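K.L.:
Have a look at this one.
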Amino acid sequence: MELQPNAKIAALVFWPSPKVWWLKIIGVFKFVHPDIRILKRKPKLFWRIGLPIRPWTVDKEEDMRAVFKAKLPGIITNQVALACRIRKEIQKVNE
């Protein structure tokens, strides 16, 4: 199997350190995805509409609701069925 030349690579990090940002800037990977615990502790740093982050591992319902309401582009979760249900609920409310 051949690797896709245009595949996008992301870094899953607890805290995006200066080294992580430098590696992103020089093109080692395209996205930096922080741990949900950091987003909860430092909301002003990350909860911005349009910031292309997908927090991990978002397994609690309350965390999923917060991420979807903040309009982040996605999540990384082990609870896919729950995430799909909550996303549908929030999308219906926002229609």
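By order in the structure tokens, chains are A, B, ...; within a chain, residues start at 1; ligands start at 1, following the order shown.
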Please provide the set of residues having any atom within 12 Å of Arg85 of chain A, restricted to only C-alpha atoms, with same-chain residues fewer than 4 positions apart removed, written as a list in words.

P.N.:
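Residues near the query, excluding close chain neighbours: Glu61, Met64, Arg65, Phe68, Gln79, Val80, Ala81, Glu89, Ile90, Gln91 and Lys92 of chain A.
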
K.L.:
Neighbours of Ile53 of chain A within 7 Å (only C-alpha atoms; same-chain residues fewer than 2 positions away dropped), as an MDAnalysis selection string?

P.N.:
chainID A and resid 31:33 51 55 72:73

K.L.:
Could you please take those selected residues and save N, CA, C and O atoms as a short mmCIF file (atom, residue, chain, number, x, y, z; two decimals), in the first residue's frame?

P.N.:
```cif
data_model
loop_
_atom_site.label_atom_id
_atom_site.label_comp_id
_atom_site.auth_asym_id
_atom_site.auth_seq_id
_atom_site.Cartn_x
_atom_site.Cartn_y
_atom_site.Cartn_z
N PHE A 31 -1.78 20.13 11.78
CA PHE A 31 -2.70 20.48 12.86
C PHE A 31 -2.13 20.11 14.22
O PHE A 31 -1.37 19.16 14.34
N VAL A 32 -2.55 20.87 15.23
CA VAL A 32 -2.21 20.58 16.63
C VAL A 32 -3.52 20.39 17.37
O VAL A 32 -4.36 21.29 17.39
N HIS A 33 -3.71 19.21 17.94
CA HIS A 33 -4.95 18.91 18.65
C HIS A 33 -4.65 18.68 20.13
O HIS A 33 -3.99 17.70 20.49
N LEU A 51 -10.88 28.11 14.81
CA LEU A 51 -9.57 27.54 15.11
C LEU A 51 -9.62 26.05 14.77
O LEU A 51 -10.46 25.33 15.31
N PRO A 55 -10.15 18.51 19.84
CA PRO A 55 -9.64 18.02 21.12
C PRO A 55 -9.81 16.52 21.27
O PRO A 55 -10.68 15.91 20.67
N LEU A 72 -16.13 24.05 17.31
CA LEU A 72 -14.84 23.54 16.88
C LEU A 72 -15.10 22.53 15.77
O LEU A 72 -16.18 21.93 15.71
N PRO A 73 -14.16 22.30 14.88
CA PRO A 73 -14.44 21.46 13.71
C PRO A 73 -14.64 19.97 13.99
O PRO A 73 -15.14 19.26 13.13
#
```

K.L.:
Here is a test: counting only C-alpha atoms, which residue of A:Val13, A:Asp63, A:Gln4, A:Glu95 is nearest to Asp35 of chain A?

P.N.:
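Checking each of A:Val13, A:Asp63, A:Gln4, A:Glu95 against Asp35 of chain A, counting only C-alpha atoms, the winner is A:Val13.
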